[in-house]
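**Student:** Sharing data-v2.pdb below, PDB, C-alpha atoms and all ligand atoms:
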```pdb
ATOM      1  CA  MET A  23      -0.996  -1.454  30.083  1.00  0.00           C
ATOM      2  CA  ALA A  24       1.272   1.155  28.526  1.00  0.00           C
ATOM      3  CA  ARG A  25       1.906  -1.099  25.588  1.00  0.00           C
ATOM      4  CA  MET A  26      -1.831  -1.484  25.011  1.00  0.00           C
ATOM      5  CA  PHE A  27      -2.377   2.263  24.947  1.00  0.00           C
ATOM      6  CA  GLY A  28       0.594   2.592  22.623  1.00  0.00           C
ATOM      7  CA  THR A  29      -1.040   0.268  20.141  1.00  0.00           C
ATOM      8  CA  CYS A  30      -4.258   2.279  20.213  1.00  0.00           C
ATOM      9  CA  GLU A  31      -2.276   5.454  19.632  1.00  0.00           C
ATOM     10  CA  VAL A  32      -0.605   4.024  16.547  1.00  0.00           C
ATOM     11  CA  THR A  33      -3.944   2.903  15.133  1.00  0.00           C
ATOM     12  CA  ARG A  34      -5.497   6.325  15.594  1.00  0.00           C
ATOM     13  CA  LYS A  35      -2.502   8.131  14.081  1.00  0.00           C
ATOM     14  CA  GLU A  36      -2.666   5.803  11.126  1.00  0.00           C
ATOM     15  CA  ALA A  37      -6.265   6.832  10.464  1.00  0.00           C
ATOM     16  CA  GLU A  38      -5.395  10.505  10.856  1.00  0.00           C
ATOM     17  CA  MET A  39      -2.551  10.201   8.387  1.00  0.00           C
ATOM     18  CA  GLY A  40      -5.059   9.059   5.814  1.00  0.00           C
ATOM     19  CA  ILE A  41      -3.267   5.885   4.846  1.00  0.00           C
ATOM     20  CA  SER A  42      -5.368   4.316   2.156  1.00  0.00           C
ATOM     21  CA  TRP A  43      -7.045   1.018   2.876  1.00  0.00           C
ATOM     22  CA  PHE A  44      -5.915   0.097  -0.637  1.00  0.00           C
ATOM     23  CA  ALA A  45      -2.426  -0.454   0.749  1.00  0.00           C
ATOM     24  CA  ASN A  46      -3.821  -3.371   2.750  1.00  0.00           C
ATOM     25  CA  GLU A  47      -6.263  -4.592   0.110  1.00  0.00           C
ATOM     26  CA  LEU A  48      -4.094  -5.352  -2.893  1.00  0.00           C
ATOM     27  CA  LYS A  49      -5.164  -8.326  -4.946  1.00  0.00           C
ATOM     28  CA  CYS A  50      -2.434 -10.462  -6.477  1.00  0.00           C
ATOM     29  CA  ARG A  51      -2.600 -10.625 -10.285  1.00  0.00           C
ATOM     30  CA  TYR A  52      -1.444 -14.229 -10.232  1.00  0.00           C
ATOM     31  CA  CYS A  53      -3.246 -16.040  -7.418  1.00  0.00           C
ATOM     32  CA  PHE A  54      -5.902 -13.330  -6.718  1.00  0.00           C
ATOM     33  CA  LYS A  55      -5.394 -13.474  -2.980  1.00  0.00           C
ATOM     34  CA  THR A  56      -5.499 -10.230  -1.025  1.00  0.00           C
ATOM     35  CA  HIS A  57      -2.376  -8.901   0.662  1.00  0.00           C
ATOM     36  CA  GLY A  58      -0.841  -5.647   1.846  1.00  0.00           C
ATOM     37  CA  THR A  59       2.226  -3.640   0.954  1.00  0.00           C
ATOM     38  CA  LYS A  60       4.956  -1.953   2.964  1.00  0.00           C
ATOM     39  CA  GLN A  61       5.149   1.007   0.577  1.00  0.00           C
ATOM     40  CA  TRP A  62       2.457   3.283  -0.786  1.00  0.00           C
ATOM     41  CA  PRO A  63       2.399   6.705  -2.496  1.00  0.00           C
ATOM     42  CA  THR A  64       1.216   9.691  -0.494  1.00  0.00           C
ATOM     43  CA  ASN A  65      -1.360  11.053  -2.985  1.00  0.00           C
ATOM     44  CA  GLU A  66      -2.737   7.758  -4.218  1.00  0.00           C
ATOM     45  CA  ASP A  67      -6.380   8.644  -3.589  1.00  0.00           C
ATOM     46  CA  HIS A  68      -6.330  11.399  -6.232  1.00  0.00           C
ATOM     47  CA  VAL A  69      -4.971   9.343  -9.109  1.00  0.00           C
ATOM     48  CA  PRO A  70      -6.623   6.270 -10.664  1.00  0.00           C
ATOM     49  CA  PHE A  71      -4.550   3.130 -10.508  1.00  0.00           C
ATOM     50  CA  PHE A  72      -4.610  -0.396 -11.850  1.00  0.00           C
ATOM     51  CA  PHE A  73      -3.322  -3.799 -10.800  1.00  0.00           C
ATOM     52  CA  GLN A  74      -1.143  -5.163 -13.588  1.00  0.00           C
ATOM     53  CA  LYS A  75       1.446  -7.763 -14.471  1.00  0.00           C
ATOM     54  CA  GLU A  76       3.365  -5.130 -16.458  1.00  0.00           C
ATOM     55  CA  ALA A  77       5.091  -2.031 -15.109  1.00  0.00           C
ATOM     56  CA  GLY A  78       3.935   1.455 -16.199  1.00  0.00           C
ATOM     57  CA  ASN A  79       4.939   5.100 -15.926  1.00  0.00           C
ATOM     58  CA  HIS A  80       4.299   5.265 -12.186  1.00  0.00           C
ATOM     59  CA  THR A  81       4.712   1.842 -10.716  1.00  0.00           C
ATOM     60  CA  LEU A  82       4.866   0.291  -7.310  1.00  0.00           C
ATOM     61  CA  THR A  83       6.273  -3.220  -7.342  1.00  0.00           C
ATOM     62  CA  VAL A  84       4.657  -5.511  -4.814  1.00  0.00           C
ATOM     63  CA  GLN A  85       5.450  -9.097  -3.966  1.00  0.00           C
ATOM     64  CA  CYS A  86       2.650 -11.482  -3.159  1.00  0.00           C
ATOM     65  CA  PRO A  87       3.275 -13.299   0.138  1.00  0.00           C
ATOM     66  CA  HIS A  88       1.005 -16.138  -0.980  1.00  0.00           C
ATOM     67  CA  CYS A  89       2.577 -17.182  -4.294  1.00  0.00           C
ATOM     68  CA  GLY A  90       5.821 -15.166  -4.089  1.00  0.00           C
ATOM     69  CA  LYS A  91       5.423 -13.520  -7.502  1.00  0.00           C
ATOM     70  CA  GLU A  92       5.993  -9.827  -8.152  1.00  0.00           C
ATOM     71  CA  TRP A  93       3.328  -7.716  -9.827  1.00  0.00           C
ATOM     72  CA  TYR A  94       2.627  -3.998 -10.192  1.00  0.00           C
ATOM     73  CA  VAL A  95       0.319  -1.256  -9.067  1.00  0.00           C
ATOM     74  CA  VAL A  96       0.361   1.306 -11.890  1.00  0.00           C
ATOM     75  CA  TRP A  97      -0.861   4.904 -11.732  1.00  0.00           C
ATOM     76  CA  ASP A  98      -1.993   7.011 -14.698  1.00  0.00           C
ATOM     77  CA  GLY A  99      -0.441  10.129 -13.223  1.00  0.00           C
ATOM     78  CA  ASN A 100       2.121  10.846 -10.560  1.00  0.00           C
ATOM     79  CA  PRO A 101       0.688   9.561  -7.257  1.00  0.00           C
ATOM     80  CA  GLY A 102       3.307  11.405  -5.224  1.00  0.00           C
ATOM     81  CA  PRO A 103       6.392  10.032  -3.516  1.00  0.00           C
ATOM     82  CA  ILE A 104       6.154   6.416  -2.456  1.00  0.00           C
ATOM     83  CA  GLU A 105       6.704   6.172   1.295  1.00  0.00           C
ATOM     84  CA  PRO A 106       7.234   3.159   3.513  1.00  0.00           C
ATOM     85  CA  VAL A 107       3.937   2.508   5.257  1.00  0.00           C
ATOM     86  CA  ILE A 108       5.774   1.721   8.484  1.00  0.00           C
ATOM     87  CA  ALA A 109       7.400   5.183   8.484  1.00  0.00           C
ATOM     88  CA  LEU A 110       4.030   6.871   8.023  1.00  0.00           C
ATOM     89  CA  LYS A 111       2.768   5.276  11.215  1.00  0.00           C
ATOM     90  CA  ARG A 112       5.188   7.277  13.349  1.00  0.00           C
TER
HETATM   91 ZN    ZN B   1      -0.118 -14.292  -5.437  1.00  0.00          ZN
END
```
Could you write out this structure as structure tokens?
Ligand SMILES: [Zn+2]
**Tutor:**
Amino acid sequence: MARMFGTCEVTRKEAEMGISWFANELKCRYCFKTHGTKQWPTNEDHVPFFFQKEAGNHTLTVQCPHCGKEWYVVWDGNPGPIEPVIALKR
């Protein structure tokens, strides 16, 4: 019972923190399957970004769990500090 409520609490806090759904909807540049990431910048919604095979000025490296290859989310401007998504849930 307590555990169930705890899960609901985490979900609600996550929404309140404004974690972008983009962090869970990344599309691999190699196999084009959708996957999530454990890290995401705090101001990502204000800066346009692109999914690329090459790194850029502001880059988050992600590894596809489907094909195992690394690719990059690249921002035009500074998207803010990149935080572990798990830490943001607290
Ligand atoms: Zn892939």
**Student:** One decimal, Å: what's the distance from CA of Lys91 (chain A) over to CA of Pro70 (chain A), could you say?
**Tutor:** 23.4 Å
**Student:** Please extract the residues at most 12 Å from ligand ZN 1 (chain B), counting all atoms listed in the file, and provide them as a ChimeraX atom specification, using the chain letters and residue numbers of this document.
**Tutor:** /A:48-58,75,84-94
**Student:** The selected residues should be written to file as a short mmCIF file (atom, residue, chain, number, x, y, z; two decimals), in the coordinates of the input (atoms: C-alpha atoms).
**Tutor:**
```cif
data_model
loop_
_atom_site.label_atom_id
_atom_site.label_comp_id
_atom_site.auth_asym_id
_atom_site.auth_seq_id
_atom_site.Cartn_x
_atom_site.Cartn_y
_atom_site.Cartn_z
CA LEU A 48 -4.09 -5.35 -2.89
CA LYS A 49 -5.16 -8.33 -4.95
CA CYS A 50 -2.43 -10.46 -6.48
CA ARG A 51 -2.60 -10.62 -10.28
CA TYR A 52 -1.44 -14.23 -10.23
CA CYS A 53 -3.25 -16.04 -7.42
CA PHE A 54 -5.90 -13.33 -6.72
CA LYS A 55 -5.39 -13.47 -2.98
CA THR A 56 -5.50 -10.23 -1.02
CA HIS A 57 -2.38 -8.90 0.66
CA GLY A 58 -0.84 -5.65 1.85
CA LYS A 75 1.45 -7.76 -14.47
CA VAL A 84 4.66 -5.51 -4.81
CA GLN A 85 5.45 -9.10 -3.97
CA CYS A 86 2.65 -11.48 -3.16
CA PRO A 87 3.28 -13.30 0.14
CA HIS A 88 1.00 -16.14 -0.98
CA CYS A 89 2.58 -17.18 -4.29
CA GLY A 90 5.82 -15.17 -4.09
CA LYS A 91 5.42 -13.52 -7.50
CA GLU A 92 5.99 -9.83 -8.15
CA TRP A 93 3.33 -7.72 -9.83
CA TYR A 94 2.63 -4.00 -10.19
#
```
**Student:** Work out how far CA of Gly99 (chain A) is from CA of Phe71 (chain A), in Å to one decimal.
**Tutor:**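 Computed distance, CA of Phe71 (chain A) to CA of Gly99 (chain A), equals 8.6 Å.
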**Student:** When distances are computed from all atoms listed in the file, which of A:Thr83, A:Phe72, A:Pro63, A:Ala77 shows the smallest separation from Gly102 (chain A)?
**Tutor:**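 Of the candidates, the smallest distance to Gly102 (chain A) is held by A:Pro63.
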**Student:** For the structure shown, which residues end up in the PyMOL selection byres (((chain A and resi 105) around 8) and not hetatm)? Put them as a PyMOL selection string, please?
**Tutor:** chain A and resi 61-64+103-104+106-107+109-110
**Student:** Separation of CA of Asn65 (chain A) and CA of Asp98 (chain A), in Å?
**Tutor:** 12.4 Å
**Student:** Give me the residues within 8 Å of Trp97 (chain A) as an NGL selection string, counting only C-alpha atoms and dropping any in the same chain fewer than 3 places off.
**Tutor:** :A and (69-72 or 78-81 or 100-101)
